[in-house]
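Participant: coords02.txt is reproduced below (compact mmCIF, C-alpha atoms and all ligand atoms).
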# COMPACT_ATOMS: atom_id res chain seq x y z
CA MET A 29 -94.22 135.30 -11.84
CA LEU A 30 -92.49 137.83 -9.58
CA GLN A 31 -89.92 135.20 -8.72
CA LYS A 32 -89.30 134.68 -12.43
CA ILE A 33 -88.76 138.37 -13.01
CA TYR A 34 -86.44 138.51 -10.03
CA ASP A 35 -84.45 135.51 -11.26
CA TRP A 36 -84.22 136.94 -14.75
CA ILE A 37 -82.71 140.16 -13.39
CA ASP A 38 -80.54 138.39 -10.80
CA ASP A 39 -79.17 136.10 -13.50
CA ARG A 40 -77.83 139.07 -15.38
CA ILE A 41 -76.71 141.57 -12.76
CA ASP A 42 -76.43 139.53 -9.54
CA ILE A 43 -78.46 141.80 -7.27
CA THR A 44 -78.83 139.39 -4.35
CA PRO A 45 -75.56 140.39 -2.65
CA ILE A 46 -76.50 144.06 -3.01
CA TRP A 47 -79.79 143.89 -1.16
CA ARG A 48 -78.41 141.32 1.32
CA ASP A 49 -75.76 143.84 2.19
CA ILE A 50 -78.37 146.52 2.74
CA ALA A 51 -81.22 144.63 4.33
CA ASP A 52 -80.11 141.28 5.69
CA HIS A 53 -78.86 141.99 9.19
CA GLU A 54 -79.72 140.57 12.57
CA VAL A 55 -81.26 142.87 15.16
CA PRO A 56 -79.11 142.69 18.28
CA GLU A 57 -81.04 141.49 21.32
CA HIS A 58 -80.64 144.69 23.30
CA VAL A 59 -82.28 146.62 20.45
CA ASN A 60 -85.23 144.30 20.03
CA PRO A 61 -88.41 145.28 21.90
CA ALA A 62 -89.52 141.63 21.76
CA HIS A 63 -86.74 140.83 24.24
CA HIS A 64 -86.74 143.95 26.37
CA PHE A 65 -89.77 146.16 25.98
CA SER A 66 -87.75 149.22 26.98
CA ALA A 67 -85.87 148.79 23.71
CA PHE A 68 -88.73 150.66 22.04
CA VAL A 69 -86.58 153.78 22.48
CA TYR A 70 -84.49 152.48 19.59
CA CYS A 71 -87.48 152.98 17.29
CA PHE A 72 -87.39 156.77 17.34
CA GLY A 73 -84.71 157.07 14.67
CA GLY A 74 -86.67 154.84 12.32
CA LEU A 75 -89.88 156.67 13.16
CA THR A 76 -88.22 159.98 12.32
CA PHE A 77 -87.25 158.59 8.95
CA PHE A 78 -90.76 157.23 8.44
CA VAL A 79 -92.26 160.67 9.01
CA VAL A 80 -89.65 162.22 6.70
CA VAL A 81 -90.81 159.83 3.98
CA ILE A 82 -94.40 160.95 4.61
CA GLN A 83 -93.33 164.60 4.39
CA ILE A 84 -91.54 164.04 1.12
CA LEU A 85 -94.34 162.09 -0.51
CA SER A 86 -97.14 164.38 0.70
CA GLY A 87 -95.03 167.42 -0.23
CA MET A 88 -94.49 166.11 -3.76
CA PHE A 89 -98.22 165.69 -4.19
CA LEU A 90 -98.99 169.12 -2.71
CA THR A 91 -96.82 170.73 -5.38
CA MET A 92 -99.27 169.43 -7.99
CA TYR A 93 -101.65 172.16 -6.85
CA TYR A 94 -99.54 174.66 -4.96
CA VAL A 95 -98.29 177.83 -6.73
CA PRO A 96 -95.52 179.93 -5.15
CA ASP A 97 -96.97 183.27 -6.20
CA ILE A 98 -98.32 185.84 -3.76
CA GLU A 99 -101.53 186.34 -5.72
CA ASN A 100 -102.32 182.65 -5.91
CA ALA A 101 -100.50 180.78 -3.15
CA TRP A 102 -103.24 181.13 -0.57
CA LYS A 103 -105.95 180.43 -3.15
CA SER A 104 -104.18 177.31 -4.36
CA VAL A 105 -103.85 175.97 -0.82
CA TYR A 106 -107.49 176.84 -0.11
CA TYR A 107 -108.53 175.10 -3.30
CA LEU A 108 -106.57 171.92 -2.67
CA GLN A 109 -107.85 171.89 0.88
CA THR A 110 -111.53 172.39 0.11
CA GLU A 111 -112.17 171.28 -3.46
CA VAL A 112 -109.72 168.50 -4.23
CA ALA A 113 -110.73 165.01 -3.14
CA HIS A 114 -108.54 163.98 -0.18
CA GLY A 115 -106.59 167.20 -0.52
CA GLN A 116 -107.46 167.97 3.07
CA ILE A 117 -105.93 164.67 4.12
CA VAL A 118 -102.72 165.11 2.17
CA ARG A 119 -102.27 168.66 3.43
CA GLY A 120 -103.09 167.43 6.92
CA MET A 121 -100.39 164.77 6.67
CA HIS A 122 -97.85 167.39 5.65
CA HIS A 123 -99.05 169.95 8.20
CA TRP A 124 -99.11 167.65 11.24
CA GLY A 125 -96.17 165.58 10.04
CA ALA A 126 -94.02 168.72 10.14
CA SER A 127 -94.56 168.86 13.91
CA VAL A 128 -94.42 165.11 14.51
CA VAL A 129 -91.09 164.84 12.72
CA VAL A 130 -89.52 167.35 15.10
CA VAL A 131 -90.92 165.51 18.12
CA MET A 132 -89.54 162.19 16.85
CA LEU A 133 -86.20 163.78 16.08
CA LEU A 134 -85.95 165.14 19.62
CA LEU A 135 -86.91 161.78 21.17
CA HIS A 136 -84.30 160.05 19.01
CA THR A 137 -81.70 162.65 20.01
CA MET A 138 -82.58 162.20 23.69
CA ARG A 139 -82.18 158.44 23.45
CA VAL A 140 -78.74 158.82 21.88
CA PHE A 141 -77.78 161.42 24.46
CA PHE A 142 -78.92 159.59 27.58
CA GLN A 143 -77.46 156.29 26.42
CA GLY A 144 -74.18 157.98 25.63
CA ALA A 145 -74.36 156.43 22.16
CA TYR A 146 -72.71 159.54 20.70
CA LYS A 147 -69.37 158.68 22.34
CA LYS A 148 -66.31 157.49 20.46
CA PRO A 149 -66.34 156.20 17.74
CA ARG A 150 -69.75 157.70 16.93
CA GLU A 151 -69.00 161.43 17.37
CA LEU A 152 -69.15 162.06 13.63
CA ASN A 153 -72.63 160.70 13.37
CA TRP A 154 -73.75 162.94 16.24
CA MET A 155 -72.48 165.92 14.25
CA VAL A 156 -74.30 164.74 11.14
CA GLY A 157 -77.40 164.41 13.32
CA VAL A 158 -77.07 168.00 14.49
CA LEU A 159 -76.90 169.12 10.85
CA ILE A 160 -80.02 167.08 10.09
CA PHE A 161 -81.72 168.85 12.98
CA PHE A 162 -80.91 172.28 11.50
CA VAL A 163 -82.04 171.23 8.03
CA MET A 164 -85.30 170.03 9.53
CA LEU A 165 -85.84 173.33 11.32
CA GLY A 166 -85.10 175.06 8.03
CA LEU A 167 -87.74 172.97 6.30
CA GLY A 168 -90.26 173.86 8.99
CA PHE A 169 -89.42 177.56 8.78
CA THR A 170 -89.53 177.83 4.99
CA GLY A 171 -92.61 175.61 4.66
CA TYR A 172 -94.53 177.67 7.16
CA LEU A 173 -94.52 180.69 4.82
CA LEU A 174 -95.89 178.82 1.84
CA PRO A 175 -99.65 178.97 2.63
CA TRP A 176 -99.19 182.80 2.56
CA ASP A 177 -101.79 183.57 5.19
CA ASN A 178 -101.40 186.08 8.00
CA LYS A 179 -99.83 183.62 10.42
CA ALA A 180 -97.33 182.53 7.78
CA TYR A 181 -96.46 186.11 6.86
CA PHE A 182 -95.88 187.36 10.38
CA ALA A 183 -94.08 184.24 11.54
CA THR A 184 -91.66 184.75 8.66
CA GLN A 185 -91.34 188.44 9.46
CA VAL A 186 -90.31 187.52 13.00
CA GLY A 187 -88.05 184.70 11.80
CA LEU A 188 -86.24 187.09 9.48
CA GLU A 189 -85.82 189.62 12.30
CA ILE A 190 -84.22 186.83 14.31
CA ALA A 191 -81.84 186.07 11.42
CA GLU A 192 -81.00 189.77 11.34
CA GLN A 193 -79.71 189.55 14.92
CA VAL A 194 -76.78 187.39 13.79
CA PRO A 195 -73.61 189.42 14.45
CA PHE A 196 -71.96 191.18 11.46
CA ILE A 197 -73.70 189.33 8.61
CA GLY A 198 -77.25 189.64 9.99
CA THR A 199 -78.60 192.21 7.50
CA HIS A 200 -77.07 190.42 4.53
CA LEU A 201 -78.34 187.08 5.78
CA LYS A 202 -81.84 188.48 6.06
CA THR A 203 -81.71 189.93 2.53
CA LEU A 204 -80.33 186.67 1.18
CA LEU A 205 -83.19 184.74 2.76
CA ALA A 206 -85.94 187.23 1.96
CA GLY A 207 -84.78 188.19 -1.53
CA ASP A 208 -85.25 191.87 -0.68
CA ALA A 209 -83.77 194.18 1.92
CA ASP A 210 -87.09 195.48 3.23
CA ILE A 211 -89.99 193.57 1.74
CA VAL A 212 -91.35 190.18 2.67
CA GLY A 213 -93.11 189.57 -0.62
CA ALA A 214 -93.12 187.97 -4.03
CA GLN A 215 -89.41 187.28 -4.06
CA THR A 216 -89.46 185.92 -0.52
CA LEU A 217 -92.15 183.40 -1.38
CA THR A 218 -90.37 182.07 -4.48
CA ARG A 219 -87.10 181.81 -2.56
CA PHE A 220 -88.65 180.03 0.38
CA PHE A 221 -90.41 177.68 -2.03
CA ALA A 222 -87.17 176.82 -3.80
CA ILE A 223 -85.37 176.30 -0.51
CA HIS A 224 -88.23 174.26 0.94
CA VAL A 225 -88.81 172.00 -2.02
CA PHE A 226 -85.36 171.63 -3.62
CA PHE A 227 -82.38 172.86 -1.63
CA LEU A 228 -83.14 171.56 1.84
CA PRO A 229 -84.59 168.19 0.77
CA ALA A 230 -81.44 167.65 -1.32
CA ALA A 231 -79.29 168.50 1.69
CA LEU A 232 -81.45 166.24 3.84
CA PHE A 233 -81.00 163.28 1.47
CA GLY A 234 -77.24 163.72 1.50
CA LEU A 235 -77.08 163.93 5.28
CA LEU A 236 -79.42 160.98 5.79
CA ALA A 237 -77.31 158.89 3.43
CA VAL A 238 -74.18 159.68 5.45
CA HIS A 239 -76.09 159.06 8.70
CA PHE A 240 -77.20 155.60 7.60
CA ILE A 241 -73.90 154.60 6.02
CA LEU A 242 -72.13 155.47 9.26
CA ILE A 243 -74.62 153.41 11.26
CA ARG A 244 -74.04 150.47 8.90
CA ARG A 245 -70.28 150.73 9.23
CA GLN A 246 -70.20 151.24 12.99
CA GLY A 247 -73.21 149.18 14.05
CA ILE A 248 -75.63 150.21 16.73
CA ALA A 249 -74.07 151.11 20.09
CA GLY A 250 -73.88 148.21 22.54
CA PRO A 251 -76.14 147.63 25.57
CA LEU A 252 -75.76 149.89 28.60
CA MET B 11 -32.36 172.04 -2.80
CA SER B 12 -31.02 170.60 -5.99
CA GLU B 13 -30.96 172.64 -9.15
CA GLU B 14 -32.26 169.66 -10.96
CA LYS B 15 -35.52 170.27 -12.75
CA GLN B 16 -38.54 168.59 -11.27
CA GLN B 17 -39.61 165.98 -13.73
CA VAL B 18 -43.32 166.18 -14.59
CA SER B 19 -44.50 162.87 -15.88
CA ARG B 20 -47.04 162.59 -18.65
CA ARG B 21 -49.51 161.20 -16.10
CA THR B 22 -49.03 164.05 -13.61
CA PHE B 23 -49.36 166.59 -16.39
CA LEU B 24 -52.60 165.05 -17.60
CA ASN B 25 -53.88 164.90 -14.04
CA TYR B 26 -53.26 168.61 -13.55
CA THR B 27 -54.81 169.52 -16.86
CA LEU B 28 -57.86 167.44 -16.21
CA THR B 29 -58.30 168.84 -12.71
CA GLY B 30 -57.87 172.37 -13.99
CA LEU B 31 -60.30 171.85 -16.82
CA GLY B 32 -62.81 170.21 -14.50
CA GLY B 33 -62.41 173.10 -12.09
CA PHE B 34 -63.09 175.63 -14.82
CA MET B 35 -66.14 173.76 -16.02
CA ALA B 36 -67.51 173.45 -12.48
CA ALA B 37 -66.85 177.14 -11.82
CA GLY B 38 -68.45 178.08 -15.13
CA MET B 39 -71.59 176.30 -14.03
CA LEU B 40 -71.67 177.43 -10.42
CA VAL B 41 -70.72 181.10 -10.72
CA PRO B 42 -73.86 182.22 -12.60
CA MET B 43 -76.05 180.25 -10.20
CA LEU B 44 -74.48 181.70 -7.08
CA ARG B 45 -74.44 185.22 -8.51
CA MET B 46 -78.13 184.87 -9.23
CA ALA B 47 -78.84 183.69 -5.69
CA VAL B 48 -76.98 186.53 -3.98
CA ASP B 49 -78.25 189.27 -6.32
CA PRO B 50 -80.63 190.80 -3.75
CA VAL B 51 -77.75 191.24 -1.29
CA LEU B 52 -75.61 193.09 -3.83
CA GLN B 53 -78.36 195.38 -5.06
CA THR B 54 -77.85 198.93 -3.89
CA SER B 55 -80.93 200.29 -2.22
CA GLY B 56 -82.18 203.45 -3.84
CA GLY B 57 -82.34 206.74 -1.97
CA GLY B 58 -86.08 206.33 -1.68
CA ASP B 59 -88.89 208.62 -2.59
CA PHE B 60 -90.68 210.88 -0.19
CA THR B 61 -94.42 210.63 0.21
CA ASN B 62 -96.85 213.22 1.46
CA VAL B 63 -98.31 211.60 4.56
CA GLY B 64 -101.19 214.03 4.78
CA LEU B 65 -100.12 215.79 7.95
CA ALA B 66 -99.61 219.55 8.08
CA VAL B 67 -96.57 220.65 10.04
CA ASP B 68 -98.80 222.98 12.06
CA ASP B 69 -100.78 219.99 13.29
CA ILE B 70 -97.75 218.26 14.73
CA THR B 71 -97.73 218.58 18.52
CA THR B 72 -95.44 217.38 21.24
CA GLU B 73 -97.81 214.44 21.71
CA PRO B 74 -96.85 211.56 19.34
CA GLN B 75 -99.64 210.87 16.85
CA ARG B 76 -99.93 207.96 14.55
CA VAL B 77 -100.05 208.71 10.84
CA ASP B 78 -100.89 206.15 8.18
CA TRP B 79 -100.30 206.54 4.48
CA LYS B 80 -99.87 204.45 1.38
CA ILE B 81 -96.93 204.03 -0.95
CA ASP B 82 -96.46 202.29 -4.27
CA GLN B 83 -94.12 199.42 -3.57
CA VAL B 84 -92.14 197.59 -6.22
CA ASP B 85 -91.26 194.07 -5.16
CA GLY B 86 -89.37 192.50 -8.05
CA TRP B 87 -92.03 191.99 -10.70
CA TYR B 88 -94.89 192.80 -8.34
CA GLU B 89 -96.15 196.33 -7.82
CA SER B 90 -98.66 197.13 -5.15
CA GLU B 91 -99.91 199.76 -2.77
CA VAL B 92 -98.90 199.15 0.83
CA SER B 93 -99.68 200.94 4.06
CA LYS B 94 -97.00 202.57 6.16
CA SER B 95 -97.28 204.21 9.52
CA ALA B 96 -95.24 206.39 11.82
CA TRP B 97 -95.39 208.08 15.21
CA VAL B 98 -94.87 211.80 14.63
CA PHE B 99 -94.28 214.57 17.16
CA LYS B 100 -92.12 217.56 18.01
CA ASN B 101 -89.37 216.93 20.52
CA ASP B 102 -88.00 219.25 23.19
CA LYS B 103 -85.83 221.03 20.65
CA ASN B 104 -88.90 221.64 18.48
CA GLU B 105 -87.60 219.21 15.86
CA ILE B 106 -90.05 216.96 14.06
CA VAL B 107 -89.50 213.27 14.80
CA ALA B 108 -91.09 210.40 12.86
CA PHE B 109 -90.50 206.98 14.37
CA SER B 110 -91.18 203.71 12.63
CA PRO B 111 -93.59 201.69 14.78
CA VAL B 112 -91.73 198.45 14.11
CA CYS B 113 -90.38 197.06 17.37
CA LYS B 114 -86.61 196.52 17.34
CA HIS B 115 -87.02 193.30 19.26
CA LEU B 116 -88.83 190.99 16.87
CA GLY B 117 -90.84 193.34 14.71
CA CYS B 118 -94.24 193.78 16.36
CA VAL B 119 -95.95 197.16 16.29
CA VAL B 120 -95.37 199.64 19.12
CA SER B 121 -97.80 202.33 20.25
CA TRP B 122 -97.39 205.50 22.21
CA GLU B 123 -98.57 204.91 25.76
CA GLY B 124 -99.74 201.48 24.66
CA ASN B 125 -99.80 200.37 28.29
CA GLU B 126 -101.35 202.32 31.16
CA ASP B 127 -98.53 201.29 33.47
CA TYR B 128 -95.89 203.00 31.36
CA PRO B 129 -96.97 206.56 30.65
CA ASN B 130 -94.81 208.67 28.38
CA GLU B 131 -93.27 205.65 26.65
CA PHE B 132 -93.71 203.64 23.48
CA PHE B 133 -94.90 200.16 24.33
CA CYS B 134 -94.72 196.88 22.43
CA PRO B 135 -97.39 194.37 23.47
CA CYS B 136 -95.55 191.29 22.22
CA HIS B 137 -92.95 190.96 24.96
CA ASN B 138 -93.45 194.19 26.93
CA GLY B 139 -90.76 196.06 25.00
CA ARG B 140 -90.53 199.74 25.98
CA TYR B 141 -88.94 202.89 24.55
CA TYR B 142 -88.57 206.40 25.99
CA LYS B 143 -90.10 209.28 24.11
CA ASP B 144 -86.82 209.93 22.28
CA GLY B 145 -86.99 206.38 20.89
CA THR B 146 -84.25 204.95 23.08
CA ASN B 147 -85.04 201.46 24.26
CA VAL B 148 -85.63 201.14 27.98
CA PRO B 149 -82.82 199.01 29.42
CA HIS B 150 -83.78 195.53 30.58
CA THR B 151 -86.74 195.29 28.22
CA PRO B 152 -86.40 193.01 25.16
CA PRO B 153 -85.53 195.57 22.43
CA LEU B 154 -81.79 196.00 21.94
CA ALA B 155 -81.84 199.17 19.84
CA PRO B 156 -83.70 202.48 19.60
CA LEU B 157 -86.68 202.83 17.28
CA ASP B 158 -85.91 203.51 13.61
CA GLU B 159 -86.64 206.91 12.15
CA TYR B 160 -88.07 208.02 8.81
CA ASP B 161 -86.20 210.41 6.57
CA GLN B 162 -88.31 213.52 6.32
CA LYS B 163 -88.75 216.73 4.45
CA ILE B 164 -91.25 219.52 4.49
CA GLU B 165 -92.86 220.99 1.43
CA ASN B 166 -95.62 223.58 1.40
CA GLY B 167 -96.17 223.07 5.08
CA MET B 168 -96.82 219.34 4.68
CA LEU B 169 -94.75 216.49 6.10
CA PHE B 170 -93.14 214.07 3.63
CA LEU B 171 -91.60 210.83 4.85
CA GLY B 172 -89.09 208.60 3.07
CA LYS B 173 -86.87 205.69 3.91
CA VAL B 174 -86.55 204.15 7.36
CA ARG B 175 -83.15 204.39 8.96
CA THR B 176 -81.64 203.08 12.15
CA ARG B 177 -80.37 205.68 14.58
CA GLU B 178 -76.76 205.17 13.47
CA GLU B 179 -77.67 205.59 9.81
CA ALA B 180 -79.95 208.57 10.40
CA LYS B 181 -78.67 211.86 9.11
CA PRO B 182 -78.69 214.75 11.54
CA ARG B 183 -82.03 216.44 11.14
CA GLU B 184 -82.07 219.59 9.08
CA GLU B 185 -83.65 222.67 10.59
CA ALA B 186 -87.31 222.79 9.71
C1 LIG C 1 -88.91 166.87 6.56
C2 LIG C 1 -89.40 167.44 5.53
C3 LIG C 1 -90.45 168.58 5.50
C4 LIG C 1 -90.97 169.38 6.50
C5 LIG C 1 -90.63 169.34 7.99
C6 LIG C 1 -91.94 170.28 5.89
C7 LIG C 1 -92.69 171.26 6.55
C8 LIG C 1 -93.71 172.04 6.00
C9 LIG C 1 -94.57 172.95 6.71
C10 LIG C 1 -94.52 173.26 8.21
C11 LIG C 1 -95.45 173.49 5.81
C12 LIG C 1 -96.61 174.45 6.12
C13 LIG C 1 -97.87 173.59 6.10
C14 LIG C 1 -99.07 174.23 6.70
O1 LIG C 1 -98.91 175.26 7.38
O2 LIG C 1 -100.16 173.68 6.49
C15 LIG C 1 -95.13 172.97 4.52
C16 LIG C 1 -95.79 173.29 3.33
C17 LIG C 1 -95.47 172.80 2.09
N1 LIG C 1 -94.48 171.87 1.79
FE1 LIG C 1 -93.24 170.97 3.15
N2 LIG C 1 -91.98 170.02 4.53
C18 LIG C 1 -91.08 169.01 4.25
C19 LIG C 1 -90.79 168.47 3.00
C20 LIG C 1 -91.37 168.89 1.79
C21 LIG C 1 -91.01 168.38 0.47
C22 LIG C 1 -89.91 167.35 0.20
C23 LIG C 1 -91.84 169.03 -0.43
C24 LIG C 1 -91.92 168.93 -1.96
C25 LIG C 1 -91.23 168.15 -2.73
C26 LIG C 1 -92.70 169.93 0.31
C27 LIG C 1 -93.69 170.75 -0.27
C28 LIG C 1 -94.50 171.63 0.42
C29 LIG C 1 -95.52 172.44 -0.19
C30 LIG C 1 -95.86 172.50 -1.68
C31 LIG C 1 -96.13 173.17 0.85
C32 LIG C 1 -97.27 174.22 0.71
C33 LIG C 1 -98.64 173.59 0.86
C34 LIG C 1 -99.23 173.78 2.23
O3 LIG C 1 -98.90 174.78 2.87
O4 LIG C 1 -100.03 172.94 2.64
N3 LIG C 1 -92.39 169.81 1.64
N4 LIG C 1 -94.06 172.07 4.65
S1 LIG C 2 -91.40 192.22 19.48
FE1 LIG C 2 -91.56 194.01 20.63
S2 LIG C 2 -90.95 193.33 22.55
FE2 LIG C 2 -90.68 191.55 21.38
With the file now loaded, output its structure as structure tokens.
Facilitator:
Amino acid sequence: MLQKIYDWIDDRIDITPIWRDIADHEVPEHVNPAHHFSAFVYCFGGLTFFVVVIQILSGMFLTMYYVPDIENAWKSVYYLQTEVAHGQIVRGMHHWGASVVVVMLLLHTMRVFFQGAYKKPRELNWMVGVLIFFVMLGLGFTGYLLPWDNKAYFATQVGLEIAEQVPFIGTHLKTLLAGDADIVGAQTLTRFFAIHVFFLPAALFGLLAVHFILIRRQGIAGPL
Amino acid sequence: MSEEKQQVSRRTFLNYTLTGLGGFMAAGMLVPMLRMAVDPVLQTSGGGDFTNVGLAVDDITTEPQRVDWKIDQVDGWYESEVSKSAWVFKNDKNEIVAFSPVCKHLGCVVSWEGNEDYPNEFFCPCHNGRYYKDGTNVPHTPPLAPLDEYDQKIENGMLFLGKVRTREEAKPREEA
């Protein structure tokens, strides 16, 4: 049945070469843990992406209950955590995943660094990776405010003070992030929500696409 | 260079027009969005109202005391009552000083003589930030700037406090 559907589509738009191009590649021996167990270090990039997928899916489902409003944000998180079936699990995935993703990202970065895989011709992809790192930190920072509890509030207060230390544009940068020159409040929460759920994920998708296209074009770096 | 006129082909002309038109359309879309996003930065902050903090001038001593009061805060569409506090005292020149307790390092709350080891100083517990009595940060502690000060005025013998200003912004104090 599935085969029939596939053939019907393939007949018309010839999709086989498309997915072959994307998916049908041999894993070089030096990257395959079945040959050399130490090659497991090559998994960290894929694991980072895996956790990103978890973050995106769990985040999408969290927004079914979450409200970015200072009267209701905390209550909505409390509700989804305590009253909604499996809400605790989905929030837990997002909460712990946010830390795991950074750990994976660092392990991946360390592998690339210590293997010298960032060297010519792969410098560009290292730079893209650095941008991904900043976007990820941004996601962690903006997401942390969303539950609107005391920890979230004061962590953001401190984070904004740090942004204010930037030379020359610090005060403006802080206002731009917080939505108000002095208050961390209603406008800060809506801004952080928009950045967390729309702006940074969009940036992340773009960067990941470039990251993966470059890997496809350049191949994985050779054995040491 | 030749005087000859540069020939613009039909194709080049259309390319320019299309690019220009596309640019205008893109700008027309993006400008309102960006202006909306940066609006808070461009908003001029009002002079700020003064609030009676419930402290009589006669009760202000040379020993910093903490005063707490409430103000009505407007945050976009959200109005609420929030607490403010200050460390108030008279300095050597008999001027009233009202420091904001917000640490200039990363924004924790400082207290007068908050640590037994550092008498006669403001102390921040978060990273051992310290300030002299005149608000100047003690060198080689984390804060990089002196404590902020409240605008103040005195009416009917009561202290009124207003907006917080950094030392550079602060106006010279008027004679009480
Ligand atoms: C790599 C991607 C992401 C990271 C690292 C991340 C990180 C975080 C963090 C640290 C929190 C605070 C959670 C807590 O304290 O329990 C949070 C909350 C939240 N995030 Fe994300 N996030 C990511 C992607 C997304 C996406 C794509 C969406 C939506 C489409 C989303 C929606 C939310 C929502 C609605 C909350 C508030 C609910 C809650 O606090 O449990 N997140 N995120
Ligand atoms: S916040 Fe006060 S010393 Fe760091």
Participant: What lies within 12 Å of Glu89 (chain B) using only C-alpha atoms, ignoring chain neighbours under 6 positions off, as a ChimeraX atom specification?
Facilitator: /A:98-99,211,213-215 /B:81-83
Participant: Give me the residues of chain A that have any atom at most 7 Å from an atom of chain B; for each, the nearest atom pair and the distance in Å, rounded to one decimal. Use all atoms listed in the file, sort by chain and number, and format it as JSON lines.
Facilitator:
{"residue": "A:Val186", "atom": "CA", "partner": "B:Leu116", "partner_atom": "CA", "distance": 5.4}
{"residue": "A:Glu189", "atom": "CA", "partner": "B:Leu116", "partner_atom": "CA", "distance": 5.6}
{"residue": "A:Ile190", "atom": "CA", "partner": "B:Leu116", "partner_atom": "CA", "distance": 6.7}
{"residue": "A:His200", "atom": "CA", "partner": "B:Val51", "partner_atom": "CA", "distance": 5.9}
{"residue": "A:Thr203", "atom": "CA", "partner": "B:Val51", "partner_atom": "CA", "distance": 5.7}
{"residue": "A:Leu204", "atom": "CA", "partner": "B:Val51", "partner_atom": "CA", "distance": 5.8}
{"residue": "A:Gly207", "atom": "CA", "partner": "B:Pro50", "partner_atom": "CA", "distance": 5.4}
{"residue": "A:Asp208", "atom": "CA", "partner": "B:Pro50", "partner_atom": "CA", "distance": 5.6}
{"residue": "A:Gly213", "atom": "CA", "partner": "B:Asp85", "partner_atom": "CA", "distance": 6.7}
{"residue": "A:Ala214", "atom": "CA", "partner": "B:Asp85", "partner_atom": "CA", "distance": 6.5}
{"residue": "A:Gln215", "atom": "CA", "partner": "B:Gly86", "partner_atom": "CA", "distance": 6.6}
Participant: Pick from A:Gly250, A:Gly187, A:Pro195, A:Gly171: nearest to ligand LIG 2 (chain C), with only C-alpha atoms and all ligand atoms counted?
Facilitator: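 The closest residue to ligand LIG 2 (chain C) is A:Gly187.
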Participant: Please identify every polymer residue within 8 Å of ligand LIG 2 (chain C), using all atoms listed in the file, and present the set as an MDAnalysis selection string.
Facilitator: chainID B and resid 112:120 133:140 151:153
Participant: Give me, as an MDAnalysis selection string, all polymer residues having an atom no more than 12 Å from Ser66 (chain A), counting all atoms listed in the file and skipping those fewer than 5 positions away in the same chain.
Facilitator: chainID A and resid 57:61 71 139 251
Participant: What is the distance between CA of Ile117 (chain A) and CA of Val129 (chain A), in Å to one decimal?
Facilitator: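 Computed distance, CA of Ile117 (chain A) to CA of Val129 (chain A), equals 17.2 Å.
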Participant: Name the closest residue to Tyr172 (chain A) among the candidates A:Ile197, A:Leu134, A:Ala126, A:Met88; distances are taken between atoms, counting only C-alpha atoms.
Facilitator: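 Using only C-alpha atoms, the shortest distance to Tyr172 (chain A) belongs to A:Ala126.
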Participant: Would you mind reading off the distance between CA of Ala180 (chain A) and CA of Asp158 (chain B), one decimal, in Å?
Facilitator: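 One can read the CA of Ala180 (chain A) to CA of Asp158 (chain B) distance as 24.6 Å.
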Participant: Between CA of Gln75 (chain B) and CA of Asp59 (chain B), measure the distance and give it in Å to one decimal.
Facilitator: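 Answer for the CA of Gln75 (chain B) to CA of Asp59 (chain B) separation: 22.3 Å.
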Participant: Pick the closest to ligand LIG 1 (chain C) from A:Asn100, A:Thr199, A:Asn178, A:Ser86: which is it, counting all atoms listed in the file?
Facilitator: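 Nearest to ligand LIG 1 (chain C): A:Ser86.
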Participant: Quick one: everything within 6 Å of Pro74 (chain B), counting all atoms listed in the file, minus sequence neighbours fewer than 5 positions away in the same chain. Send it as a list in words.
Facilitator: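 With the cut-off at 6 Å, the set is Trp97, Val98 and Phe99 of chain B.
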Participant: Residues within 8 Å of ligand LIG 1 (chain C) should be enumerated using all atoms listed in the file and returned as an MDAnalysis selection string.
Facilitator: chainID A and resid 79:81 83:95 105 119:120 122:127 129:130 164:175 180 221 224:226 229 232
Participant: Which of these, A:Gln193, A:Leu159, A:Lys148, A:Gly234, has the shortest distance to Ala155 (chain B) once you count all atoms listed in the file?
Facilitator: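 Of all the options, A:Gln193 lies closest to Ala155 (chain B).
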Participant: Just checking: using all atoms listed in the file, which residue out of A:Ala206, A:Leu75, A:Ala191, A:Gly157 ends up closest to Thr218 (chain A)?
Facilitator: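 Of the candidates, the smallest distance to Thr218 (chain A) is held by A:Ala206.
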Participant: With N, CA and C atoms as the goal, would you fill in the gaps in region 71-76 of chain A and present it as a compact mmCIF listing (two decimals), keeping the file's coordinate frame?
Facilitator:
# COMPACT_ATOMS: atom_id res chain seq x y z
N CYS A 71 -86.63 152.79 18.48
CA CYS A 71 -87.48 152.98 17.29
C CYS A 71 -87.52 154.43 16.82
N PHE A 72 -87.14 155.37 17.69
CA PHE A 72 -87.39 156.77 17.34
C PHE A 72 -86.66 157.22 16.09
N GLY A 73 -85.43 156.70 15.88
CA GLY A 73 -84.71 157.07 14.67
C GLY A 73 -85.48 156.63 13.44
N GLY A 74 -85.91 155.36 13.45
CA GLY A 74 -86.67 154.84 12.32
C GLY A 74 -87.98 155.58 12.14
N LEU A 75 -88.62 155.94 13.26
CA LEU A 75 -89.88 156.67 13.16
C LEU A 75 -89.65 158.06 12.56
N THR A 76 -88.54 158.68 12.92
CA THR A 76 -88.22 159.98 12.32
C THR A 76 -88.12 159.83 10.81
